[in-house]
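Undergrad: Let me begin by handing over the structure; questions about it come next.
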Amino acid sequence: MIDLKYLQKNFDEASAKLSKKGVDGEALENLKTLFSNLKDANARLEVAKADQNRMSKLFGEYMREKKDITELKAKVDANKEVIVVLQSTANKANDALQTIALAMPNLPDDSVPIGTDEDDNVELRKVLTPRVFDFEPKEHWALAEINGWIDFERGVKLAKSRFSVLRGDAARLERALINFFLDVNREKGFEEVCVPFINNASMLQGTGQLPKFEDDLFKIEDENLYLIPTAEVPLTNLYNDEILTDKELPILLTGYTPCFRKEAGSAGRDTRGMIRQHQFNKVEMVAIANPNESDKIFEMMVENASDILTQLGLPHRVVELCGGDLGFSAATTIDLEVWLPGQDKYREISSISNTREFQARRAKIRYRDGKKNRLVHTLNGSALAVGRTLVAIMENYQNEDGSIEIPKVLKKYM
RNA sequence: AGAGAGGUGGCCGAGUGGUCGAAGGCGCACGACUGGAACUCGUGUAUGGGGCAACUCAUCGAGGGUUCGAAUCCCUUCCUCUCUGCCA
């Protein structure tokens, strides 16, 4: 959630920042008004409640001293009616504010490039040169068929479209990648954790998936629970509603989880192959950081994900997202895009974001800074998306006959 | 899933209608004592909101209700523990 006090005091600045993300000024103006309405309603309510508390104490004294209470009772009853009205006004103001505030995206950093969509993203650098093929490289689904690696039809039979089954060496390779990623992350100082793949609504609100993006989530029927769309949710919310000590920071976490997404709104995109599935595996990094360290940790996370791709020999590029392409919770995001020779383009394989205080405010994750409690910064990033890495290996390591080499670093895992 | 018991501050634990944001203990922080430390003694020690501040409002798992007044009474719900059932 954005800082409403900041919004109130620096409205023009906040407005300018959010316009980068495509938020119109009217919604923001509305939010500011609601906030000041709430403050006003609360101030009046508080005075009435203070009166009530005072009179109630007096009431107790009167009773003990056996004084006449009729007059006091009349006063207190009248005030009570006032409180009921003020309370209802304050509640309404609060509900209205929460509804809008929770749907308001994070402010982008000043350094975020201006732009409306992915075409305006800024390429920072390329790592490794794509291999030159002396034959026409195939797309991964063609290679999957030749090798019997991916059974799309039976995935659909078991569940529905956008589900698939990995078979034989592909299944082993998937597992090898998970182990490889976790090992690398652990060596970089991330604690490995294994978490529930189902989280409750409050956690999903904490990281920003709810209330706005409910349509993208698989909900458990009759329960207040959802399949996680990313390990960012359980890893970040591990510290939901906690106050950490400065000494504990930064907390670096890594975990493997499957991720479940409805992909509402992606109808027709990447229908072929396993680039966009309802269920996919991912190894995630999460950092809970002291605000003055978060930029440094962000760089480290980007380097780590890039290093993994380099170790796998996968050419990729590092891209800074423009304001319009930035996710809801992110203040800044860097994507890693891996080269897919079969598709002849770079495709997203990792996305690393600093949400600054945005998620911490929603999830109430704080640390003690001297006598004061302050919000931490939370960061998250994939290292890496497993299924897409498998695709990248297939396309980059293919031979003319359709067979696929295994990258050297993975040999010990197979 | 059924039966029973219970959820109070960082932890333990008292508190069954008012003077309770909450005794006492432990822990922690600071100070005194000491050459230094232990011991001992003193002081302080929940969170969130509003206010420059004095101060004030809210919070005793969560939500609702009764009452002038609720940690305490009533309802709903979540969670934990024990026994039974079921399983990996």
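If you're wondering about the labels, chains in the structure tokens are A, B, ... by order shown, residues count from 1 in each chain, ligands from 1 in order shown.
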Give me the residues near stretch 69-82 of chain B as a ChimeraX atom specification, where near means some atom within 9 Å (using only C-alpha atoms (C1' of nucleotides)) and where sequence neighbours in that chain fewer than 4 positions away do not count.

TA: /A:53,56-57,59-60 /B:4-8,15-18,20,22,60-65

Undergrad: Could you pull out the strand (DSSP E) residues of stretch 51-273 of chain A from DSSP and send them as an MDAnalysis selection string?

TA: chainID A and resid 122:127 150:151 165:166 191:192 198:200 225:227 242:245 251:260

Undergrad: Do you have, as a Markdown table, the list of residues of chain B lying at most 9 Å from chain A, each with its nearest atom pair and that distance in Å to one decimal, counting only C-alpha atoms (C1' of nucleotides) and ordered by chain then number?

TA:
| residue | atom | partner | partner_atom | distance |
| --- | --- | --- | --- | --- |
| B:G18 | C1' | A:Gly60 | CA | 5.4 |
| B:U19 | C1' | A:Lys57 | CA | 8.3 |
| B:G50 | C1' | A:Ala43 | CA | 6.9 |
| B:U56 | C1' | A:Ala50 | CA | 7.3 |
| B:C57 | C1' | A:Glu46 | CA | 5.5 |
| B:C68 | C1' | A:Ser56 | CA | 5.5 |
| B:G69 | C1' | A:Ser56 | CA | 5.5 |

Undergrad: Mind dumping the selected residues with C-alpha atoms (C1' of nucleotides) as a PDB file, in the first residue's frame?

TA:
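Result went into again_11.pdb, see below:
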ATOM      1  C1'   G B  18     -15.593   0.003  36.746  1.00  0.00           C
ATOM      2  C1'   U B  19      -9.961   2.683  39.909  1.00  0.00           C
ATOM      3  C1'   G B  50      -4.315  11.448  16.036  1.00  0.00           C
ATOM      4  C1'   U B  56      -5.996  11.091  23.694  1.00  0.00           C
ATOM      5  C1'   C B  57      -8.390   6.822  20.896  1.00  0.00           C
ATOM      6  C1'   C B  68     -23.322   4.129  31.205  1.00  0.00           C
ATOM      7  C1'   G B  69     -18.859   0.812  31.403  1.00  0.00           C
TER       8        G B  69
END

Undergrad: With distances taken over only C-alpha atoms, which of A:Pro341, A:Pro315, A:Gly155, A:Pro196 is nearest to A:Pro234?

TA: A:Pro196

Undergrad: If you measure from atom CA of A:Asn179 to atom CA of A:Ile352, what distance in Å do you get, rounded to one decimal?

TA: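 Atom CA of A:Ile352 lies at a distance of 20.3 Å from atom CA of A:Asn179.
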
Undergrad: Can you pull out the residues contacting A:Ser403? Cut-off 8 Å, using only C-alpha atoms (C1' of nucleotides), and skip same-chain residues under 3 positions away; I want them as a PDB file with N, CA, C and O atoms, in the first residue's frame.

TA:
ATOM      1  N   LEU A 143      10.789 -30.072 -30.690  1.00  0.00           N
ATOM      2  CA  LEU A 143      11.831 -30.885 -30.045  1.00  0.00           C
ATOM      3  C   LEU A 143      11.212 -31.824 -29.003  1.00  0.00           C
ATOM      4  O   LEU A 143      11.635 -32.969 -28.851  1.00  0.00           O
ATOM      5  N   ILE A 146       9.856 -34.830 -30.833  1.00  0.00           N
ATOM      6  CA  ILE A 146      10.904 -35.733 -31.307  1.00  0.00           C
ATOM      7  C   ILE A 146      11.456 -36.585 -30.163  1.00  0.00           C
ATOM      8  O   ILE A 146      11.677 -37.780 -30.303  1.00  0.00           O
ATOM      9  N   ASN A 147      11.635 -35.964 -29.001  1.00  0.00           N
ATOM     10  CA  ASN A 147      12.259 -36.655 -27.877  1.00  0.00           C
ATOM     11  C   ASN A 147      11.260 -37.313 -26.916  1.00  0.00           C
ATOM     12  O   ASN A 147      11.668 -37.987 -25.969  1.00  0.00           O
ATOM     13  N   GLN A 398      19.977 -27.791 -28.894  1.00  0.00           N
ATOM     14  CA  GLN A 398      19.477 -28.793 -29.830  1.00  0.00           C
ATOM     15  C   GLN A 398      20.512 -29.104 -30.918  1.00  0.00           C
ATOM     16  O   GLN A 398      21.328 -28.267 -31.297  1.00  0.00           O
ATOM     17  N   ASN A 399      20.467 -30.337 -31.357  1.00  0.00           N
ATOM     18  CA  ASN A 399      21.263 -30.763 -32.519  1.00  0.00           C
ATOM     19  C   ASN A 399      20.336 -30.859 -33.724  1.00  0.00           C
ATOM     20  O   ASN A 399      19.115 -30.820 -33.597  1.00  0.00           O
ATOM     21  N   GLU A 400      20.991 -31.027 -34.884  1.00  0.00           N
ATOM     22  CA  GLU A 400      20.201 -31.017 -36.123  1.00  0.00           C
ATOM     23  C   GLU A 400      19.154 -32.141 -36.139  1.00  0.00           C
ATOM     24  O   GLU A 400      18.050 -31.961 -36.655  1.00  0.00           O
TER      25      GLU A 400
END

Undergrad: Excluding B:U47 and residues on its chain fewer than 3 positions from it, collect all residues at most 12 Å away from it, counting only C-alpha atoms (C1' of nucleotides), and give them as a PyMOL selection string.

TA: (chain A and resi 241-243+364+366+372-373) or (chain B and resi 9+21+58-59)

Undergrad: For those residues, write C-alpha atoms (C1' of nucleotides) to a file as a tab-separated table (two decimals), in the first residue's frame.

TA:
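Heads up, here's the output in again_10.tsv:
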chain	number	residue	atom	x	y	z
A	241	ASP	CA	2.87	-8.92	11.13
A	242	GLU	CA	6.26	-9.28	12.76
A	243	ILE	CA	8.80	-6.86	14.15
A	364	LYS	CA	3.04	-5.20	8.50
A	366	ARG	CA	8.77	-3.98	10.42
A	372	LYS	CA	11.26	3.22	16.51
A	373	ASN	CA	9.70	0.53	14.40
B	9	G	C1'	2.51	-8.19	26.86
B	21	G	C1'	-3.15	-1.57	28.86
B	58	A	C1'	-8.11	1.64	19.69
B	59	U	C1'	-6.20	-3.32	20.66

Undergrad: At a cut-off of 8 Å, using only C-alpha atoms (C1' of nucleotides), what residues contact stretch 219-226 of chain A? Leave out same-chain residues fewer than 6 positions from it and give the result as a VMD selection string.

TA: chain A and resid 198 to 201

Undergrad: What does the distance between atom CA of A:Ile334 and atom CA of A:Pro113 come to in Å, to one decimal place?

TA: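 Answer for the atom CA of A:Ile334 to atom CA of A:Pro113 separation: 11.5 Å.
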
Undergrad: So which residues touch B:U43 within 12 Å, counting only C-alpha atoms (C1' of nucleotides), skipping near sequence neighbours fewer than 3 positions away, as a PyMOL selection string?

TA: chain B and resi 29-32

Undergrad: Would you list the contacts of stretch 164-169 of chain A as a PyMOL selection string, taking every protein, DNA or RNA residue within 7 Å and counting only C-alpha atoms (C1' of nucleotides), but skipping same-chain residues closer than 5 positions in sequence?

TA: chain A and resi 148-152+154-156

Undergrad: Please compute the atom CA of A:Val112-atom CA of A:Asp335 distance, one decimal, in Å.

TA: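 Atom CA of A:Asp335 lies at a distance of 13.0 Å from atom CA of A:Val112.
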
Undergrad: Going by DSSP on the backbone, which residues of stretch 172-238 of chain A come out as alpha helix (DSSP H)? List them as number ranges by chain.

TA: A: 172-187, 201-207, 232-237

Undergrad: Export, as a PDB file, in the first residue's frame, the selected residues with N, CA and C atoms.

TA:
ATOM      1  N   ARG A 172      13.384 -35.453 -15.466  1.00  0.00           N
ATOM      2  CA  ARG A 172      14.621 -35.480 -14.686  1.00  0.00           C
ATOM      3  C   ARG A 172      15.346 -34.144 -14.770  1.00  0.00           C
ATOM      4  N   LEU A 173      15.318 -33.573 -15.964  1.00  0.00           N
ATOM      5  CA  LEU A 173      15.983 -32.287 -16.180  1.00  0.00           C
ATOM      6  C   LEU A 173      15.286 -31.195 -15.349  1.00  0.00           C
ATOM      7  N   GLU A 174      13.989 -31.232 -15.318  1.00  0.00           N
ATOM      8  CA  GLU A 174      13.216 -30.282 -14.509  1.00  0.00           C
ATOM      9  C   GLU A 174      13.669 -30.377 -13.049  1.00  0.00           C
ATOM     10  N   ARG A 175      13.772 -31.595 -12.555  1.00  0.00           N
ATOM     11  CA  ARG A 175      14.165 -31.813 -11.162  1.00  0.00           C
ATOM     12  C   ARG A 175      15.614 -31.381 -10.955  1.00  0.00           C
ATOM     13  N   ALA A 176      16.459 -31.657 -11.939  1.00  0.00           N
ATOM     14  CA  ALA A 176      17.864 -31.266 -11.835  1.00  0.00           C
ATOM     15  C   ALA A 176      17.992 -29.748 -11.741  1.00  0.00           C
ATOM     16  N   LEU A 177      17.197 -29.052 -12.543  1.00  0.00           N
ATOM     17  CA  LEU A 177      17.254 -27.584 -12.538  1.00  0.00           C
ATOM     18  C   LEU A 177      16.852 -27.025 -11.182  1.00  0.00           C
ATOM     19  N   ILE A 178      15.805 -27.601 -10.615  1.00  0.00           N
ATOM     20  CA  ILE A 178      15.358 -27.141  -9.292  1.00  0.00           C
ATOM     21  C   ILE A 178      16.502 -27.280  -8.286  1.00  0.00           C
ATOM     22  N   ASN A 179      17.132 -28.433  -8.287  1.00  0.00           N
ATOM     23  CA  ASN A 179      18.228 -28.671  -7.342  1.00  0.00           C
ATOM     24  C   ASN A 179      19.401 -27.731  -7.605  1.00  0.00           C
ATOM     25  N   PHE A 180      19.721 -27.556  -8.873  1.00  0.00           N
ATOM     26  CA  PHE A 180      20.831 -26.675  -9.241  1.00  0.00           C
ATOM     27  C   PHE A 180      20.555 -25.240  -8.771  1.00  0.00           C
ATOM     28  N   PHE A 181      19.367 -24.746  -9.045  1.00  0.00           N
ATOM     29  CA  PHE A 181      19.023 -23.369  -8.658  1.00  0.00           C
ATOM     30  C   PHE A 181      19.115 -23.194  -7.139  1.00  0.00           C
ATOM     31  N   LEU A 182      18.524 -24.148  -6.431  1.00  0.00           N
ATOM     32  CA  LEU A 182      18.514 -24.034  -4.969  1.00  0.00           C
ATOM     33  C   LEU A 182      19.938 -24.061  -4.417  1.00  0.00           C
ATOM     34  N   ASP A 183      20.783 -24.903  -5.012  1.00  0.00           N
ATOM     35  CA  ASP A 183      22.167 -24.994  -4.539  1.00  0.00           C
ATOM     36  C   ASP A 183      22.912 -23.682  -4.766  1.00  0.00           C
ATOM     37  N   VAL A 184      22.749 -23.115  -5.958  1.00  0.00           N
ATOM     38  CA  VAL A 184      23.430 -21.848  -6.255  1.00  0.00           C
ATOM     39  C   VAL A 184      22.951 -20.763  -5.296  1.00  0.00           C
ATOM     40  N   ASN A 185      21.640 -20.677  -5.118  1.00  0.00           N
ATOM     41  CA  ASN A 185      21.094 -19.641  -4.237  1.00  0.00           C
ATOM     42  C   ASN A 185      21.595 -19.815  -2.807  1.00  0.00           C
ATOM     43  N   ARG A 186      21.650 -21.046  -2.387  1.00  0.00           N
ATOM     44  CA  ARG A 186      22.110 -21.320  -1.024  1.00  0.00           C
ATOM     45  C   ARG A 186      23.566 -20.883  -0.866  1.00  0.00           C
ATOM     46  N   GLU A 187      24.371 -21.153  -1.907  1.00  0.00           N
ATOM     47  CA  GLU A 187      25.777 -20.732  -1.847  1.00  0.00           C
ATOM     48  C   GLU A 187      25.908 -19.211  -1.798  1.00  0.00           C
ATOM     49  N   ALA A 201      -6.113 -15.676   2.361  1.00  0.00           N
ATOM     50  CA  ALA A 201      -6.375 -14.402   1.680  1.00  0.00           C
ATOM     51  C   ALA A 201      -5.556 -13.257   2.253  1.00  0.00           C
ATOM     52  N   SER A 202      -5.352 -13.289   3.563  1.00  0.00           N
ATOM     53  CA  SER A 202      -4.632 -12.197   4.193  1.00  0.00           C
ATOM     54  C   SER A 202      -3.185 -12.111   3.680  1.00  0.00           C
ATOM     55  N   MET A 203      -2.566 -13.256   3.439  1.00  0.00           N
ATOM     56  CA  MET A 203      -1.194 -13.275   2.921  1.00  0.00           C
ATOM     57  C   MET A 203      -1.168 -12.733   1.486  1.00  0.00           C
ATOM     58  N   LEU A 204      -2.176 -13.117   0.699  1.00  0.00           N
ATOM     59  CA  LEU A 204      -2.216 -12.650  -0.683  1.00  0.00           C
ATOM     60  C   LEU A 204      -2.480 -11.146  -0.753  1.00  0.00           C
ATOM     61  N   GLN A 205      -3.155 -10.637   0.258  1.00  0.00           N
ATOM     62  CA  GLN A 205      -3.326  -9.185   0.323  1.00  0.00           C
ATOM     63  C   GLN A 205      -1.993  -8.533   0.712  1.00  0.00           C
ATOM     64  N   GLY A 206      -1.266  -9.203   1.567  1.00  0.00           N
ATOM     65  CA  GLY A 206       0.014  -8.676   2.028  1.00  0.00           C
ATOM     66  C   GLY A 206       0.988  -8.419   0.899  1.00  0.00           C
ATOM     67  N   THR A 207       1.054  -9.310  -0.060  1.00  0.00           N
ATOM     68  CA  THR A 207       2.001  -9.129  -1.154  1.00  0.00           C
ATOM     69  C   THR A 207       1.376  -8.441  -2.368  1.00  0.00           C
ATOM     70  N   GLU A 232       6.867 -15.910  -3.957  1.00  0.00           N
ATOM     71  CA  GLU A 232       6.985 -14.582  -3.344  1.00  0.00           C
ATOM     72  C   GLU A 232       5.950 -14.427  -2.228  1.00  0.00           C
ATOM     73  N   VAL A 233       4.775 -14.999  -2.413  1.00  0.00           N
ATOM     74  CA  VAL A 233       3.701 -14.847  -1.428  1.00  0.00           C
ATOM     75  C   VAL A 233       4.077 -15.517  -0.092  1.00  0.00           C
ATOM     76  N   PRO A 234       4.325 -16.827  -0.069  1.00  0.00           N
ATOM     77  CA  PRO A 234       4.688 -17.418   1.232  1.00  0.00           C
ATOM     78  C   PRO A 234       6.034 -16.951   1.767  1.00  0.00           C
ATOM     79  N   LEU A 235       7.010 -16.733   0.912  1.00  0.00           N
ATOM     80  CA  LEU A 235       8.338 -16.354   1.415  1.00  0.00           C
ATOM     81  C   LEU A 235       8.308 -14.967   2.055  1.00  0.00           C
ATOM     82  N   THR A 236       7.677 -14.019   1.401  1.00  0.00           N
ATOM     83  CA  THR A 236       7.618 -12.672   1.958  1.00  0.00           C
ATOM     84  C   THR A 236       6.759 -12.658   3.217  1.00  0.00           C
ATOM     85  N   ASN A 237       5.631 -13.346   3.159  1.00  0.00           N
ATOM     86  CA  ASN A 237       4.700 -13.317   4.289  1.00  0.00           C
ATOM     87  C   ASN A 237       5.125 -14.195   5.462  1.00  0.00           C
TER      88      ASN A 237
END
